[in-house]
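File shown: coords_25.pdb (PDB, C-alpha atoms).
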```pdb
ATOM      1  CA  MET A  37     -35.848  51.120 -56.317
ATOM      2  CA  HIS A  38     -35.598  51.309 -52.566
ATOM      3  CA  GLU A  39     -34.349  54.896 -52.297
ATOM      4  CA  VAL A  40     -37.740  56.081 -51.007
ATOM      5  CA  ALA A  41     -37.593  53.560 -48.157
ATOM      6  CA  ILE A  42     -34.002  54.613 -47.423
ATOM      7  CA  ALA A  43     -34.907  58.322 -47.532
ATOM      8  CA  ALA A  44     -37.799  57.651 -45.143
ATOM      9  CA  ALA A  45     -35.449  55.806 -42.766
ATOM     10  CA  ILE A  46     -32.986  58.720 -42.925
ATOM     11  CA  LEU A  47     -35.726  61.256 -42.152
ATOM     12  CA  GLU A  48     -37.020  59.144 -39.305
ATOM     13  CA  ALA A  49     -33.542  58.715 -37.804
ATOM     14  CA  GLY A  50     -32.811  62.449 -38.235
ATOM     15  CA  GLN A  51     -36.075  63.431 -36.547
ATOM     16  CA  ALA A  52     -35.391  61.017 -33.696
ATOM     17  CA  GLU A  53     -31.983  62.648 -33.138
ATOM     18  CA  ALA A  54     -33.544  66.129 -33.070
ATOM     19  CA  GLU A  55     -36.278  65.005 -30.685
ATOM     20  CA  ARG A  56     -33.619  63.963 -28.218
ATOM     21  CA  ARG A  57     -32.789  67.663 -27.911
ATOM     22  CA  PRO A  58     -35.872  69.438 -26.635
ATOM     23  CA  GLY A  59     -36.209  73.018 -27.753
ATOM     24  CA  SER A  60     -34.499  72.449 -31.064
ATOM     25  CA  LYS A  61     -35.708  71.810 -34.564
ATOM     26  CA  LEU A  62     -34.145  69.759 -37.315
ATOM     27  CA  THR A  63     -32.618  71.891 -40.084
ATOM     28  CA  GLY A  64     -30.235  69.531 -41.834
ATOM     29  CA  ILE A  65     -29.175  65.925 -42.316
ATOM     30  CA  GLY A  66     -25.874  64.548 -43.568
ATOM     31  CA  VAL A  67     -25.437  61.005 -44.787
ATOM     32  CA  ARG A  68     -22.445  58.955 -45.845
ATOM     33  CA  LEU A  69     -22.976  56.807 -48.899
ATOM     34  CA  GLY A  70     -20.516  54.146 -50.024
ATOM     35  CA  ALA A  71     -19.910  53.302 -53.682
ATOM     36  CA  LEU A  72     -21.140  49.787 -52.939
ATOM     37  CA  SER A  73     -24.085  50.769 -50.756
ATOM     38  CA  GLY A  74     -26.517  49.850 -53.508
ATOM     39  CA  VAL A  75     -28.098  53.281 -53.135
ATOM     40  CA  ASP A  76     -28.078  55.805 -55.963
ATOM     41  CA  SER A  77     -27.384  59.317 -54.691
ATOM     42  CA  ASP A  78     -29.477  61.122 -57.320
ATOM     43  CA  ALA A  79     -32.455  58.868 -56.678
ATOM     44  CA  LEU A  80     -31.949  59.369 -52.939
ATOM     45  CA  ARG A  81     -31.949  63.179 -53.310
ATOM     46  CA  PHE A  82     -35.088  62.943 -55.422
ATOM     47  CA  ALA A  83     -36.841  60.698 -52.888
ATOM     48  CA  PHE A  84     -35.784  62.966 -50.031
ATOM     49  CA  ALA A  85     -37.146  66.039 -51.785
ATOM     50  CA  ALA A  86     -40.382  64.253 -52.647
ATOM     51  CA  LEU A  87     -40.910  63.131 -49.060
ATOM     52  CA  THR A  88     -40.268  66.548 -47.525
ATOM     53  CA  ALA A  89     -42.020  68.738 -50.133
ATOM     54  CA  GLY A  90     -44.967  70.599 -48.668
ATOM     55  CA  THR A  91     -44.180  69.507 -45.107
ATOM     56  CA  TYR A  92     -42.530  71.433 -42.282
ATOM     57  CA  LEU A  93     -39.273  69.792 -43.360
ATOM     58  CA  ASP A  94     -39.444  71.398 -46.822
ATOM     59  CA  ALA A  95     -36.340  73.570 -46.342
ATOM     60  CA  LEU A  96     -34.257  70.799 -44.765
ATOM     61  CA  LYS A  97     -30.626  70.760 -45.836
ATOM     62  CA  PHE A  98     -29.592  67.343 -47.189
ATOM     63  CA  GLU A  99     -25.953  66.516 -47.825
ATOM     64  CA  ILE A 100     -24.447  63.323 -49.150
ATOM     65  CA  GLU A 101     -20.805  62.450 -48.592
ATOM     66  CA  SER A 102     -19.717  59.810 -51.089
ATOM     67  CA  ARG A 103     -17.273  57.151 -49.940
ATOM     68  CA  PRO A 104     -15.121  55.103 -52.304
ATOM     69  CA  ARG A 105     -14.766  51.370 -52.281
ATOM     70  CA  ARG A 106     -11.975  50.149 -49.973
ATOM     71  CA  ASN A 107      -9.873  47.078 -50.591
ATOM     72  CA  ARG A 108      -7.427  45.184 -48.427
ATOM     73  CA  CYS A 109      -4.373  43.445 -49.805
ATOM     74  CA  GLU A 110      -4.409  39.788 -48.817
ATOM     75  CA  ARG A 111      -0.627  39.614 -49.147
ATOM     76  CA  CYS A 112       0.659  42.605 -47.162
ATOM     77  CA  GLY A 113      -2.513  43.676 -45.341
ATOM     78  CA  HIS A 114      -2.485  47.249 -46.665
ATOM     79  CA  GLU A 115      -5.919  48.885 -46.898
ATOM     80  CA  PHE A 116      -6.518  51.351 -49.693
ATOM     81  CA  GLU A 117      -9.239  53.240 -51.536
ATOM     82  CA  SER A 118     -10.100  51.877 -54.908
ATOM     83  CA  SER A 119     -12.577  52.794 -57.570
ATOM     84  CA  LEU A 120     -11.539  49.794 -59.635
ATOM     85  CA  TYR A 121     -12.755  46.326 -58.956
ATOM     86  CA  ASN A 122      -9.577  44.486 -58.134
ATOM     87  CA  ALA A 123      -7.094  47.300 -58.092
ATOM     88  CA  PRO A 124      -3.622  45.949 -57.341
ATOM     89  CA  CYS A 125      -2.111  46.862 -53.988
ATOM     90  CA  PRO A 126      -0.251  50.203 -54.282
ATOM     91  CA  LEU A 127       2.400  48.942 -51.845
ATOM     92  CA  CYS A 128       3.237  45.435 -53.000
ATOM     93  CA  ALA A 129       1.412  45.264 -56.363
ATOM     94  CA  SER A 130      -0.352  42.043 -55.408
ATOM     95  CA  GLU A 131      -3.648  41.566 -57.261
ATOM     96  CA  ASN A 132      -5.080  39.460 -54.487
ATOM     97  CA  THR A 133      -7.148  42.209 -52.857
ATOM     98  CA  LEU A 134     -10.499  41.948 -51.184
ATOM     99  CA  PHE A 135     -13.405  44.352 -50.789
ATOM    100  CA  VAL A 136     -13.565  45.446 -47.133
ATOM    101  CA  GLY A 137     -15.473  48.708 -47.124
ATOM    102  CA  GLY A 138     -17.378  51.291 -49.063
ATOM    103  CA  ASP A 139     -20.876  49.955 -48.483
ATOM    104  CA  ASP A 140     -21.528  52.713 -45.925
ATOM    105  CA  LEU A 141     -25.101  53.878 -45.514
ATOM    106  CA  GLU A 142     -24.859  56.054 -42.440
ATOM    107  CA  LEU A 143     -26.468  59.039 -40.837
ATOM    108  CA  ALA A 144     -23.322  61.120 -40.334
ATOM    109  CA  TRP A 145     -24.742  64.235 -38.665
ATOM    110  CA  VAL A 146     -27.842  66.273 -38.039
ATOM    111  CA  GLU A 147     -28.053  70.037 -37.853
ATOM    112  CA  VAL A 148     -30.469  71.595 -35.377
ATOM    113  CA  GLU A 149     -31.542  75.134 -34.582
ATOM    114  CA  GLU A 150     -32.811  76.364 -31.245
ATOM    115  CA  ILE A 151     -36.412  77.487 -31.233
TER     116      ILE A 151
ATOM    117  CA  MET B1346     -27.275  76.330 -35.793
ATOM    118  CA  THR B1347     -25.565  73.305 -34.285
ATOM    119  CA  VAL B1348     -24.207  70.314 -36.132
ATOM    120  CA  ILE B1349     -24.346  67.125 -34.102
ATOM    121  CA  PRO B1350     -22.332  64.099 -35.183
ATOM    122  CA  VAL B1351     -24.496  60.966 -35.201
ATOM    123  CA  GLU B1352     -22.497  58.216 -36.964
ATOM    124  CA  LYS B1353     -25.281  55.697 -37.053
ATOM    125  CA  LYS B1354     -26.303  53.215 -39.720
ATOM    126  CA  VAL B1355     -29.368  54.452 -41.595
ATOM    127  CA  LEU B1356     -30.840  50.979 -41.518
ATOM    128  CA  SER B1357     -29.954  50.465 -37.861
ATOM    129  CA  GLU B1358     -33.455  49.215 -37.064
ATOM    130  CA  ASN B1359     -33.144  46.570 -39.802
ATOM    131  CA  GLN B1360     -29.647  45.803 -38.546
ATOM    132  CA  ARG B1361     -30.920  45.345 -34.990
ATOM    133  CA  ILE B1362     -33.620  42.865 -36.079
ATOM    134  CA  ALA B1363     -31.163  41.050 -38.372
ATOM    135  CA  ALA B1364     -28.686  40.655 -35.497
ATOM    136  CA  SER B1365     -31.440  39.282 -33.286
ATOM    137  CA  LEU B1366     -32.497  36.843 -36.036
ATOM    138  CA  ARG B1367     -28.886  35.765 -36.521
ATOM    139  CA  SER B1368     -28.439  34.932 -32.854
ATOM    140  CA  ARG B1369     -31.783  33.083 -32.791
ATOM    141  CA  PHE B1370     -30.689  31.092 -35.855
ATOM    142  CA  GLU B1371     -27.435  30.160 -34.121
ATOM    143  CA  GLU B1372     -29.219  29.254 -30.918
ATOM    144  CA  HIS B1373     -31.628  26.935 -32.774
ATOM    145  CA  GLY B1374     -28.960  25.627 -35.161
ATOM    146  CA  ILE B1375     -30.693  27.022 -38.235
ATOM    147  CA  PHE B1376     -28.608  27.405 -41.387
ATOM    148  CA  CYS B1377     -30.161  30.309 -43.315
ATOM    149  CA  LEU B1378     -29.595  31.066 -47.004
ATOM    150  CA  ASN B1379     -30.666  34.272 -48.758
ATOM    151  CA  LEU B1380     -31.075  33.757 -52.528
ATOM    152  CA  ILE B1381     -30.841  36.928 -54.601
ATOM    153  CA  SER B1382     -31.022  37.522 -58.360
ATOM    154  CA  SER B1383     -32.713  39.477 -61.137
ATOM    155  CA  PRO B1384     -36.279  38.503 -61.932
ATOM    156  CA  GLY B1385     -36.335  35.431 -64.145
ATOM    157  CA  SER B1386     -32.911  33.975 -63.464
ATOM    158  CA  GLY B1387     -34.366  30.785 -62.103
ATOM    159  CA  LYS B1388     -34.536  31.109 -58.310
ATOM    160  CA  THR B1389     -37.879  29.368 -57.904
ATOM    161  CA  THR B1390     -37.112  26.548 -60.324
ATOM    162  CA  LEU B1391     -33.740  25.927 -58.704
ATOM    163  CA  LEU B1392     -35.458  25.938 -55.339
ATOM    164  CA  GLU B1393     -37.953  23.337 -56.589
ATOM    165  CA  ARG B1394     -35.094  21.089 -57.736
ATOM    166  CA  THR B1395     -33.288  21.700 -54.451
ATOM    167  CA  LEU B1396     -36.309  20.729 -52.346
ATOM    168  CA  ALA B1397     -36.844  17.662 -54.545
ATOM    169  CA  GLY B1398     -33.208  16.694 -54.004
ATOM    170  CA  LEU B1399     -33.259  17.005 -50.218
ATOM    171  CA  SER B1400     -34.252  14.056 -48.081
ATOM    172  CA  PRO B1401     -37.841  14.351 -46.763
ATOM    173  CA  GLN B1402     -36.319  13.820 -43.309
ATOM    174  CA  GLU B1403     -34.482  17.124 -43.578
ATOM    175  CA  ARG B1404     -36.174  19.881 -41.639
ATOM    176  CA  VAL B1405     -36.350  22.576 -44.275
ATOM    177  CA  ALA B1406     -38.512  25.701 -44.416
ATOM    178  CA  VAL B1407     -38.853  28.208 -47.224
ATOM    179  CA  LEU B1408     -39.766  31.886 -47.244
ATOM    180  CA  THR B1409     -40.378  33.304 -50.690
ATOM    181  CA  GLY B1410     -40.738  37.007 -51.410
ATOM    182  CA  ASP B1411     -42.567  38.674 -54.256
ATOM    183  CA  LEU B1412     -44.199  42.011 -54.920
ATOM    184  CA  GLN B1413     -47.513  40.338 -55.681
ATOM    185  CA  THR B1414     -49.111  36.855 -55.999
ATOM    186  CA  GLU B1415     -48.751  33.640 -54.062
ATOM    187  CA  ASN B1416     -47.655  31.744 -57.195
ATOM    188  CA  ASP B1417     -44.186  30.834 -55.949
ATOM    189  CA  ALA B1418     -45.422  29.499 -52.614
ATOM    190  CA  LYS B1419     -47.911  27.317 -54.527
ATOM    191  CA  ARG B1420     -45.159  25.955 -56.756
ATOM    192  CA  LEU B1421     -42.894  25.272 -53.791
ATOM    193  CA  SER B1422     -45.525  23.686 -51.567
ATOM    194  CA  HIS B1423     -45.494  20.344 -53.403
ATOM    195  CA  TYR B1424     -42.314  19.068 -51.773
ATOM    196  CA  GLY B1425     -43.501  18.306 -48.266
ATOM    197  CA  PHE B1426     -41.731  21.238 -46.590
ATOM    198  CA  PRO B1427     -43.397  24.279 -45.010
ATOM    199  CA  VAL B1428     -43.459  27.311 -47.312
ATOM    200  CA  GLN B1429     -44.613  30.848 -46.661
ATOM    201  CA  GLN B1430     -45.092  33.571 -49.215
ATOM    202  CA  ILE B1431     -44.117  37.087 -48.176
ATOM    203  CA  THR B1432     -45.979  39.497 -50.442
ATOM    204  CA  THR B1433     -44.291  42.872 -50.140
ATOM    205  CA  GLY B1434     -47.044  44.784 -51.962
ATOM    206  CA  GLY B1435     -44.653  46.708 -54.159
ATOM    207  CA  ILE B1436     -41.562  46.908 -51.964
ATOM    208  CA  CYS B1437     -38.543  45.764 -53.969
ATOM    209  CA  HIS B1438     -36.746  43.774 -51.239
ATOM    210  CA  LEU B1439     -37.334  41.746 -48.101
ATOM    211  CA  ASP B1440     -36.298  43.304 -44.809
ATOM    212  CA  ALA B1441     -35.453  41.679 -41.493
ATOM    213  CA  GLY B1442     -38.791  42.667 -39.942
ATOM    214  CA  MET B1443     -40.696  40.754 -42.624
ATOM    215  CA  ILE B1444     -38.616  37.647 -41.888
ATOM    216  CA  GLU B1445     -39.149  38.018 -38.146
ATOM    217  CA  ARG B1446     -42.934  38.301 -38.572
ATOM    218  CA  ALA B1447     -43.078  35.314 -40.923
ATOM    219  CA  LEU B1448     -41.059  33.184 -38.499
ATOM    220  CA  ASN B1449     -43.606  33.850 -35.751
ATOM    221  CA  MET B1450     -45.776  31.330 -37.588
ATOM    222  CA  TRP B1451     -43.240  28.529 -37.106
ATOM    223  CA  GLN B1452     -41.435  26.762 -34.279
ATOM    224  CA  LEU B1453     -37.754  27.489 -34.803
ATOM    225  CA  ASP B1454     -36.834  24.196 -33.158
ATOM    226  CA  ASP B1455     -38.471  22.393 -36.093
ATOM    227  CA  ILE B1456     -36.173  24.008 -38.672
ATOM    228  CA  ASP B1457     -32.569  23.138 -39.590
ATOM    229  CA  LEU B1458     -32.354  24.786 -43.000
ATOM    230  CA  LEU B1459     -34.167  28.013 -43.825
ATOM    231  CA  ILE B1460     -34.081  29.126 -47.443
ATOM    232  CA  ILE B1461     -35.173  32.672 -48.230
ATOM    233  CA  GLU B1462     -35.963  33.508 -51.838
ATOM    234  CA  ASN B1463     -35.652  37.280 -52.039
ATOM    235  CA  VAL B1464     -37.635  39.539 -54.366
ATOM    236  CA  GLY B1465     -36.161  39.429 -57.887
ATOM    237  CA  ASN B1466     -33.829  42.444 -57.838
ATOM    238  CA  LEU B1467     -30.030  42.768 -57.864
ATOM    239  CA  VAL B1468     -29.843  46.170 -56.195
ATOM    240  CA  CYS B1469     -32.082  46.739 -53.195
ATOM    241  CA  PRO B1470     -31.830  43.339 -51.447
ATOM    242  CA  SER B1471     -28.074  43.924 -51.135
ATOM    243  CA  SER B1472     -28.710  46.695 -48.569
ATOM    244  CA  TYR B1473     -30.866  44.601 -46.246
ATOM    245  CA  ASP B1474     -29.315  42.054 -43.913
ATOM    246  CA  LEU B1475     -31.868  39.335 -43.123
ATOM    247  CA  GLY B1476     -29.777  37.586 -40.490
ATOM    248  CA  GLU B1477     -28.745  34.958 -43.027
ATOM    249  CA  GLU B1478     -25.544  32.927 -42.764
ATOM    250  CA  VAL B1479     -24.871  33.229 -46.482
ATOM    251  CA  LYS B1480     -26.030  35.442 -49.319
ATOM    252  CA  ILE B1481     -26.134  33.606 -52.646
ATOM    253  CA  VAL B1482     -26.434  35.402 -55.969
ATOM    254  CA  LEU B1483     -27.787  33.741 -59.114
ATOM    255  CA  LEU B1484     -26.879  34.794 -62.643
ATOM    256  CA  SER B1485     -28.472  33.038 -65.600
ATOM    257  CA  VAL B1486     -26.768  32.590 -68.941
ATOM    258  CA  THR B1487     -29.601  34.463 -70.669
ATOM    259  CA  GLU B1488     -28.412  37.641 -68.934
ATOM    260  CA  GLY B1489     -25.236  39.616 -69.608
ATOM    261  CA  GLU B1490     -21.884  38.310 -68.393
ATOM    262  CA  ASP B1491     -21.083  41.852 -67.211
ATOM    263  CA  LYS B1492     -23.752  41.828 -64.494
ATOM    264  CA  PRO B1493     -21.138  41.439 -61.711
ATOM    265  CA  LEU B1494     -19.520  44.683 -62.922
ATOM    266  CA  LYS B1495     -22.852  46.497 -63.238
ATOM    267  CA  TYR B1496     -24.133  45.400 -59.824
ATOM    268  CA  PRO B1497     -20.922  44.993 -57.794
ATOM    269  CA  SER B1498     -22.554  45.415 -54.395
ATOM    270  CA  ILE B1499     -24.459  42.151 -54.377
ATOM    271  CA  PHE B1500     -21.610  40.224 -56.011
ATOM    272  CA  ALA B1501     -19.137  41.570 -53.448
ATOM    273  CA  LYS B1502     -21.398  40.548 -50.569
ATOM    274  CA  SER B1503     -22.393  37.083 -51.789
ATOM    275  CA  GLU B1504     -20.274  34.094 -50.848
ATOM    276  CA  LEU B1505     -21.522  31.894 -53.680
ATOM    277  CA  LEU B1506     -22.451  32.564 -57.300
ATOM    278  CA  LEU B1507     -24.787  30.111 -58.994
ATOM    279  CA  LEU B1508     -24.559  30.364 -62.774
ATOM    280  CA  THR B1509     -27.956  29.036 -63.816
ATOM    281  CA  LYS B1510     -29.614  27.698 -67.002
ATOM    282  CA  ILE B1511     -26.288  26.380 -68.328
ATOM    283  CA  ASP B1512     -28.181  23.945 -70.573
ATOM    284  CA  LEU B1513     -28.949  27.019 -72.726
ATOM    285  CA  LEU B1514     -25.271  27.864 -73.298
ATOM    286  CA  PRO B1515     -25.182  26.463 -76.863
ATOM    287  CA  HIS B1516     -28.051  28.779 -77.819
ATOM    288  CA  VAL B1517     -26.942  32.089 -76.317
ATOM    289  CA  PRO B1518     -23.870  34.314 -76.781
ATOM    290  CA  PHE B1519     -23.080  34.220 -73.018
ATOM    291  CA  ARG B1520     -19.325  33.821 -72.406
ATOM    292  CA  ILE B1521     -19.243  31.856 -69.198
ATOM    293  CA  GLU B1522     -15.499  32.272 -68.615
ATOM    294  CA  GLN B1523     -15.923  36.042 -68.904
ATOM    295  CA  ALA B1524     -18.755  35.889 -66.351
ATOM    296  CA  ARG B1525     -16.531  33.972 -63.937
ATOM    297  CA  THR B1526     -13.692  36.462 -64.476
ATOM    298  CA  ASN B1527     -16.037  39.417 -63.881
ATOM    299  CA  ALA B1528     -17.413  37.864 -60.696
ATOM    300  CA  ARG B1529     -13.891  37.305 -59.386
ATOM    301  CA  LEU B1530     -12.866  40.861 -60.286
ATOM    302  CA  VAL B1531     -15.527  42.059 -57.865
ATOM    303  CA  HIS B1532     -15.037  39.245 -55.370
ATOM    304  CA  PRO B1533     -11.794  37.284 -55.794
ATOM    305  CA  ALA B1534     -12.701  34.592 -53.257
ATOM    306  CA  MET B1535     -16.160  33.941 -54.702
ATOM    307  CA  LYS B1536     -17.249  30.309 -54.993
ATOM    308  CA  ILE B1537     -18.940  29.561 -58.296
ATOM    309  CA  ILE B1538     -21.180  26.609 -59.191
ATOM    310  CA  GLU B1539     -22.717  26.094 -62.634
ATOM    311  CA  VAL B1540     -26.183  24.535 -62.614
ATOM    312  CA  SER B1541     -29.067  23.608 -64.847
ATOM    313  CA  SER B1542     -32.431  23.020 -63.253
ATOM    314  CA  THR B1543     -33.582  21.453 -66.529
ATOM    315  CA  THR B1544     -30.892  18.791 -66.988
ATOM    316  CA  GLY B1545     -29.894  18.524 -63.334
ATOM    317  CA  GLU B1546     -26.260  19.297 -64.137
ATOM    318  CA  GLY B1547     -24.451  20.775 -61.139
ATOM    319  CA  LEU B1548     -27.312  20.094 -58.709
ATOM    320  CA  GLU B1549     -25.306  17.466 -56.841
ATOM    321  CA  GLN B1550     -22.463  19.935 -56.391
ATOM    322  CA  TRP B1551     -24.910  22.577 -55.127
ATOM    323  CA  LEU B1552     -26.504  20.166 -52.625
ATOM    324  CA  THR B1553     -23.044  19.125 -51.435
ATOM    325  CA  TRP B1554     -22.086  22.771 -51.023
ATOM    326  CA  ILE B1555     -25.170  23.307 -48.797
ATOM    327  CA  LYS B1556     -24.235  20.278 -46.680
ATOM    328  CA  ARG B1557     -20.586  21.321 -46.259
ATOM    329  CA  ARG B1558     -21.317  24.958 -45.595
ATOM    330  CA  ARG B1559     -23.925  23.997 -43.008
ATOM    331  CA  GLN B1560     -21.319  21.780 -41.329
ATOM    332  CA  GLN B1561     -18.941  24.753 -41.251
ATOM    333  CA  MET B1562     -21.531  26.858 -39.473
ATOM    334  CA  TYR B1563     -22.196  24.117 -36.897
ATOM    335  CA  GLN B1564     -18.467  23.781 -36.215
ATOM    336  CA  ARG B1565     -18.208  27.520 -35.687
ATOM    337  CA  ILE B1566     -21.166  27.532 -33.273
ATOM    338  CA  CYS B1567     -19.794  24.530 -31.367
ATOM    339  CA  ALA B1568     -16.396  26.188 -31.060
ATOM    340  CA  ALA B1569     -18.003  29.408 -29.819
ATOM    341  CA  TYR B1570     -20.341  27.821 -27.301
ATOM    342  CA  GLY B1571     -18.124  24.893 -26.322
TER     343      GLY B1571
END
```

Give the structure from the file, written as structure tokens.
Amino acid sequence: MHEVAIAAAILEAGQAEAERRPGSKLTGIGVRLGALSGVDSDALRFAFAALTAGTYLDALKFEIESRPRRNRCERCGHEFESSLYNAPCPLCASENTLFVGGDDLELAWVEVEEI
Amino acid sequence: MTVIPVEKKVLSENQRIAASLRSRFEEHGIFCLNLISSPGSGKTTLLERTLAGLSPQERVAVLTGDLQTENDAKRLSHYGFPVQQITTGGICHLDAGMIERALNMWQLDDIDLLIIENVGNLVCPSSYDLGEEVKIVLLSVTEGEDKPLKYPSIFAKSELLLLTKIDLLPHVPFRIEQARTNARLVHPAMKIIEVSSTTGEGLEQWLTWIKRRRQQMYQRICAAYG
């Protein structure tokens, strides 16, 4: 699985954000994970913990915000959240809907503390 | 304690390299395919048949990814086209940086069609953009017809599904109509081609698809650049 590589990229990006603020240290990272991101949140938490254990980042807060799949109706253009594969459009009931979002894999925020 | 919004893609470095590759591909008129599937669904064999079916005048190059061994590059090197093996050493996917480094070995002006055979894996490669024009997913009839439902990410992101090893259909319980239905549940507009690398069935259709889709890309580039 690639969760270790993803966790490493998250840590790196989080540290880079904190370094842009001299005099502060990184205390937390928040990520946004889409249902179709191809990343498993449990495996990601595990990888994150494994990478930070025993380092100065050991106590780092790590939060995952899960995002549902989003579909767009090809008939009326309505965009809606959907956990089903081809959920019909809630407005016009058309079944011709297309996946348009929910593959998010984003660094949403970092938390820093002044030192 | 201060919370600072960042709103940045985690794989932004990969994304940056992929975007640079994509614009280089457009600039040099390279049509790039990224082939993704589980291990053993027939990527390398299909690629062998594909290379054998292309005219030797075509300017094709192949990058093939594996965790270990150069076996695939050896198999693919018999067709007169340049092939490079990318050995990831345990990493379960190719990333854009690996593609960029491999391409340093070649003159982009000498390539019209670049085929990337990703590491056999239906999960991780779906997260990594390689700058390709099209992602293609392969599903063989010796697997389960519910794979599109189990691994929706890659099926949602792939433009074309190649159902492979269809010569084995009489011997396996695979319900091909169910597989097509499942793929379209995840991706209603998905193109589907059934192929057999053993009997050659469907290969013509696949080669025609490559030709047409490449034409589409050229038309788009011409329209954009005038």

Pull out every residue of chain B that has at least one atom within 7 Å of chain A, counting all atoms listed in the file, and report them as an mmCIF file with C-alpha atoms, in the coordinates of the input.
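Saved file out23.cif follows:
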```
data_model
loop_
_atom_site.group_PDB
_atom_site.id
_atom_site.type_symbol
_atom_site.label_atom_id
_atom_site.label_comp_id
_atom_site.auth_asym_id
_atom_site.auth_seq_id
_atom_site.Cartn_x
_atom_site.Cartn_y
_atom_site.Cartn_z
ATOM 1 C CA MET B 1346 -27.275 76.330 -35.793
ATOM 2 C CA THR B 1347 -25.565 73.305 -34.285
ATOM 3 C CA VAL B 1348 -24.207 70.314 -36.132
ATOM 4 C CA ILE B 1349 -24.346 67.125 -34.102
ATOM 5 C CA PRO B 1350 -22.332 64.099 -35.183
ATOM 6 C CA VAL B 1351 -24.496 60.966 -35.201
ATOM 7 C CA GLU B 1352 -22.497 58.216 -36.964
ATOM 8 C CA LYS B 1353 -25.281 55.697 -37.053
ATOM 9 C CA LYS B 1354 -26.303 53.215 -39.720
ATOM 10 C CA VAL B 1355 -29.368 54.452 -41.595
ATOM 11 C CA LEU B 1356 -30.840 50.979 -41.518
ATOM 12 C CA CYS B 1437 -38.543 45.764 -53.969
ATOM 13 C CA VAL B 1468 -29.843 46.170 -56.195
ATOM 14 C CA CYS B 1469 -32.082 46.739 -53.195
ATOM 15 C CA SER B 1471 -28.074 43.924 -51.135
ATOM 16 C CA SER B 1472 -28.710 46.695 -48.569
ATOM 17 C CA PRO B 1497 -20.922 44.993 -57.794
ATOM 18 C CA SER B 1498 -22.554 45.415 -54.395
ATOM 19 C CA ALA B 1501 -19.137 41.570 -53.448
ATOM 20 C CA LEU B 1530 -12.866 40.861 -60.286
ATOM 21 C CA VAL B 1531 -15.527 42.059 -57.865
ATOM 22 C CA HIS B 1532 -15.037 39.245 -55.370
ATOM 23 C CA PRO B 1533 -11.794 37.284 -55.794
#
```

Name the residues that the PyMOL selection byres ((chain A and resi 108) around 9) pulls out of this structure, and write them as a CSV table (one decimal) with C-alpha atoms, in the frame of the given file.
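Listed below is the output, selection14.csv:
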```
chain,number,residue,atom,x,y,z
A,106,ARG,CA,-12.0,50.1,-50.0
A,107,ASN,CA,-9.9,47.1,-50.6
A,109,CYS,CA,-4.4,43.4,-49.8
A,110,GLU,CA,-4.4,39.8,-48.8
A,111,ARG,CA,-0.6,39.6,-49.1
A,112,CYS,CA,0.7,42.6,-47.2
A,113,GLY,CA,-2.5,43.7,-45.3
A,114,HIS,CA,-2.5,47.2,-46.7
A,115,GLU,CA,-5.9,48.9,-46.9
A,116,PHE,CA,-6.5,51.4,-49.7
A,117,GLU,CA,-9.2,53.2,-51.5
A,125,CYS,CA,-2.1,46.9,-54.0
A,132,ASN,CA,-5.1,39.5,-54.5
A,133,THR,CA,-7.1,42.2,-52.9
A,134,LEU,CA,-10.5,41.9,-51.2
A,135,PHE,CA,-13.4,44.4,-50.8
A,136,VAL,CA,-13.6,45.4,-47.1
A,137,GLY,CA,-15.5,48.7,-47.1
```

Quiz prompt | Atom-to-atom span, CA of Phe1376 in chain B and CA of Ile1460 in chain B, Å | solution = 8.3 Å

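Compared by their closest atoms to Gly1435 in chain B, and using only C-alpha atoms, the residues B:Val1464, B:Ile1538, B:Cys1567, B:Met1450 rank with B:Val1464 nearest.
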
Self-check item: Shell around Ala1418 in chain B at 10 Å using all atoms listed in the file, local window under 3 positions removed, as a ChimeraX atom specification
Solution: /B:1389,1407-1411,1414-1415,1421-1423,1427-1431

Write out the residues from the selection above, keeping C-alpha atoms, as a tab-separated table (two decimals), keeping the file's coordinate frame.
```
chain	number	residue	atom	x	y	z
B	1389	THR	CA	-37.88	29.37	-57.90
B	1407	VAL	CA	-38.85	28.21	-47.22
B	1408	LEU	CA	-39.77	31.89	-47.24
B	1409	THR	CA	-40.38	33.30	-50.69
B	1410	GLY	CA	-40.74	37.01	-51.41
B	1411	ASP	CA	-42.57	38.67	-54.26
B	1414	THR	CA	-49.11	36.85	-56.00
B	1415	GLU	CA	-48.75	33.64	-54.06
B	1421	LEU	CA	-42.89	25.27	-53.79
B	1422	SER	CA	-45.52	23.69	-51.57
B	1423	HIS	CA	-45.49	20.34	-53.40
B	1427	PRO	CA	-43.40	24.28	-45.01
B	1428	VAL	CA	-43.46	27.31	-47.31
B	1429	GLN	CA	-44.61	30.85	-46.66
B	1430	GLN	CA	-45.09	33.57	-49.22
B	1431	ILE	CA	-44.12	37.09	-48.18
```

Exercise. Could you give me, as a VMD selection string, the residues within 12 Å of Asn1466 in chain B, counting all atoms listed in the file and dropping anything in the same chain fewer than 4 positions from it?
Key: (chain A and resid 37 to 38 74) or (chain B and resid 1380 to 1386 1388 1410 to 1412 1436 to 1439 1462 1470 to 1472 1482 to 1484 1496 1499)

Quiz item: Which value, in Å to one decimal, gives the distance between CA of Ile1461 in chain B and CA of Leu1378 in chain B?
Solution: 5.9 Å

Could you give me the axis-aligned bounding box of range 68-80 of chain A, with 6 Å of padding per side, as centre plus edge lengths in Å to one decimal, as JSON?
```
{"center_x": -26.2, "center_y": 55.5, "center_z": -51.6, "size_x": 24.5, "size_y": 23.3, "size_z": 23.5}
```

Exercise. Evaluate the PyMOL selection byres ((chain B and resi 1366) around 8) on the structure here and hand back the selected residues as a ChimeraX atom specification.
Key: /B:1362-1365,1367-1370,1441,1445,1475-1476
